[in-house]
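For reference, the structure is listed below as structure tokens.
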Amino acid sequence: MKPRNLILLTTLPTLFYLFFWLFYPFIYDIYYSAFYFTLTRPELTRFVGVENYIDVLTDPNFWLAARNTALFIVICLPLEFFLGLLLALVLSSDFKGIGILRTLYILPVLLPPVSVAIIWRLMFFPKMGAINYLIEALFGAEINWLAGGMPSFIAVVLIDVWQWAPFVALILLAGLLGMPPEPIEAAKIDGASPSQIFFNITLPYLRPIILVALMLRFLDLIKLFDPIYAIVTGGGSGLETLSIFIYRRGFKVLNIGFGATVSVIFWITAFIIANLVVRRFKEYLT
């Protein structure tokens, strides 16, 4: 068998997956975004062209959801990166018990996000929750984390950072452990300080790995759903993100055409932003 045919044969499973789980649903989304289609009245289905897109872009709730999504990305992503980097630097050290510590820190990543969200909801619960019990013991007052607004926003940020900062640390730790020791040893011989070694050797080496970690977290944060839905039941009280917005319009109201339109706008925007970030980062690397 020719090498080209062998390569094509080995990539067929991946192409099959991409088509039936990514491309086909996206094409189907585009198709339904051009129709008024609601499951409560399917007999009223009709072609509306770009009318759904106009309705979405003029809906203030859509822009509120977009703003909330952007806020979560802007706040959670830097926190997860810096905490993950700090954790990776600690775990790349060699001291007694490091194996146990490396096993423990990855546990939050292994838990299902919905389970994590429910556990944290119980911890944030008024009166009976462990967090409110501690706050009341220290300050004599409690915070209603589940009522929406800023307390709920902070609660969602805490949940996401707690679960996914170790994921960023795992990726960066792999880069640190795979880093050749010769440049660092040469820098130490030349009298370089730890901060000089980190900023001039370690960080430049990690830049491509940092890009991967940030992109994976960006693509996950842009569809943030579980902690918001759990902390504020249904994702209301001003904390609605784009994923919650799509869920409500597509599966609660059953307006499939409108929900498909939001999904198309959502994924095209994510694709454009991701490509711009990758290109900018590549320019920075060169």
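Please note that chains go A, B, ... in the order of the structure tokens, that every chain numbers its residues from 1, and that ligands are numbered from 1 in the order shown.
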Would you give me, as JSON lines, each residue of region 41-92 of chain A having an atom within 10 Å of an atom of region 216-219 of chain A, along with its shortest atom pair and that distance in Å to one decimal, using only C-alpha atoms and sorting by chain and residue number?
```
{"residue": "A:Ile73", "atom": "CA", "partner": "A:Phe218", "partner_atom": "CA", "distance": 6.8}
{"residue": "A:Val74", "atom": "CA", "partner": "A:Phe218", "partner_atom": "CA", "distance": 9.4}
{"residue": "A:Cys76", "atom": "CA", "partner": "A:Arg217", "partner_atom": "CA", "distance": 9.2}
{"residue": "A:Leu77", "atom": "CA", "partner": "A:Arg217", "partner_atom": "CA", "distance": 6.9}
{"residue": "A:Glu80", "atom": "CA", "partner": "A:Arg217", "partner_atom": "CA", "distance": 8.7}
{"residue": "A:Phe81", "atom": "CA", "partner": "A:Arg217", "partner_atom": "CA", "distance": 9.1}
```
Near-region 46-58 of chain A list (8 Å; only C-alpha atoms; drop same-chain fewer than 5 positions) as a VMD selection string = chain A and resid 33 to 37 63 257 to 258 261 to 262
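Rounded to one decimal, CA of Leu214 (chain A) and CA of Phe271 (chain A) lie 14.4 Å from each other.
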Would you give me, as a count of residues only, the residues in region 112-198 of chain A that DSSP reads as helix (DSSP H, G or I)?
-> 64
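With only C-alpha atoms as the atoms that count, the minimum distance from Ala155 (chain A) to the choices A:Leu176, A:Val212, A:Leu83, A:Ile231 is reached by A:Ile231.
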Applying 10 Å and only C-alpha atoms, which residues near Val156 (chain A) remain after dropping the ones on its own chain fewer than 5 positions away? List them as an mmCIF file with N, CA and C atoms, in the first residue's frame.
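Below you can see around_3.cif, which holds the result:
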```cif
data_model
loop_
_atom_site.group_PDB
_atom_site.id
_atom_site.type_symbol
_atom_site.label_atom_id
_atom_site.label_comp_id
_atom_site.auth_asym_id
_atom_site.auth_seq_id
_atom_site.Cartn_x
_atom_site.Cartn_y
_atom_site.Cartn_z
ATOM 1 N N PHE A 72 -16.794 36.187 32.258
ATOM 2 C CA PHE A 72 -16.284 34.947 32.840
ATOM 3 C C PHE A 72 -14.949 34.555 32.201
ATOM 4 N N CYS A 76 -11.835 34.373 34.612
ATOM 5 C CA CYS A 76 -11.431 33.000 34.927
ATOM 6 C C CYS A 76 -10.132 32.601 34.231
ATOM 7 N N ALA A 117 -20.390 21.157 40.487
ATOM 8 C CA ALA A 117 -21.288 22.300 40.676
ATOM 9 C C ALA A 117 -22.306 22.024 41.778
ATOM 10 N N TRP A 120 -20.555 22.110 45.231
ATOM 11 C CA TRP A 120 -20.287 23.493 45.640
ATOM 12 C C TRP A 120 -21.583 24.221 45.985
ATOM 13 N N ARG A 121 -22.664 23.906 45.298
ATOM 14 C CA ARG A 121 -23.955 24.528 45.628
ATOM 15 C C ARG A 121 -24.351 24.191 47.064
ATOM 16 N N TRP A 145 -25.202 33.290 48.411
ATOM 17 C CA TRP A 145 -24.471 33.009 47.179
ATOM 18 C C TRP A 145 -25.392 32.567 46.044
ATOM 19 N N MET A 150 -23.716 39.656 42.085
ATOM 20 C CA MET A 150 -22.276 39.527 42.276
ATOM 21 C C MET A 150 -21.874 38.317 43.123
ATOM 22 N N PRO A 151 -22.579 38.017 44.258
ATOM 23 C CA PRO A 151 -22.187 36.813 45.018
ATOM 24 C C PRO A 151 -22.218 35.535 44.179
ATOM 25 N N VAL A 161 -12.478 28.013 38.650
ATOM 26 C CA VAL A 161 -11.032 28.093 38.899
ATOM 27 C C VAL A 161 -10.570 26.896 39.721
ATOM 28 N N TRP A 162 -11.357 26.493 40.734
ATOM 29 C CA TRP A 162 -10.980 25.348 41.558
ATOM 30 C C TRP A 162 -10.853 24.073 40.728
ATOM 31 N N LEU A 224 -19.494 27.913 28.980
ATOM 32 C CA LEU A 224 -19.715 27.669 30.410
ATOM 33 C C LEU A 224 -21.209 27.476 30.696
ATOM 34 N N PHE A 225 -21.525 26.384 31.388
ATOM 35 C CA PHE A 225 -22.933 26.053 31.605
ATOM 36 C C PHE A 225 -23.199 25.495 33.009
ATOM 37 N N ASP A 226 -22.524 24.402 33.367
ATOM 38 C CA ASP A 226 -22.872 23.621 34.560
ATOM 39 C C ASP A 226 -22.881 24.421 35.860
ATOM 40 N N PRO A 227 -21.788 25.137 36.217
ATOM 41 C CA PRO A 227 -21.815 25.829 37.517
ATOM 42 C C PRO A 227 -22.862 26.929 37.592
ATOM 43 N N ILE A 228 -23.109 27.605 36.471
ATOM 44 C CA ILE A 228 -24.118 28.671 36.467
ATOM 45 C C ILE A 228 -25.505 28.081 36.651
ATOM 46 N N TYR A 229 -25.775 26.997 35.951
ATOM 47 C CA TYR A 229 -27.084 26.362 36.042
ATOM 48 C C TYR A 229 -27.340 25.812 37.439
ATOM 49 N N ALA A 230 -26.265 25.349 38.107
ATOM 50 C CA ALA A 230 -26.420 24.760 39.438
ATOM 51 C C ALA A 230 -26.516 25.831 40.524
ATOM 52 N N ILE A 231 -25.653 26.845 40.458
ATOM 53 C CA ILE A 231 -25.626 27.863 41.507
ATOM 54 C C ILE A 231 -26.886 28.719 41.467
ATOM 55 N N VAL A 232 -27.223 29.244 40.305
ATOM 56 C CA VAL A 232 -28.462 30.008 40.130
ATOM 57 C C VAL A 232 -29.369 29.148 39.271
ATOM 58 N N LEU A 239 -27.180 36.250 35.322
ATOM 59 C CA LEU A 239 -25.946 35.502 35.066
ATOM 60 C C LEU A 239 -26.037 34.623 33.829
#
```
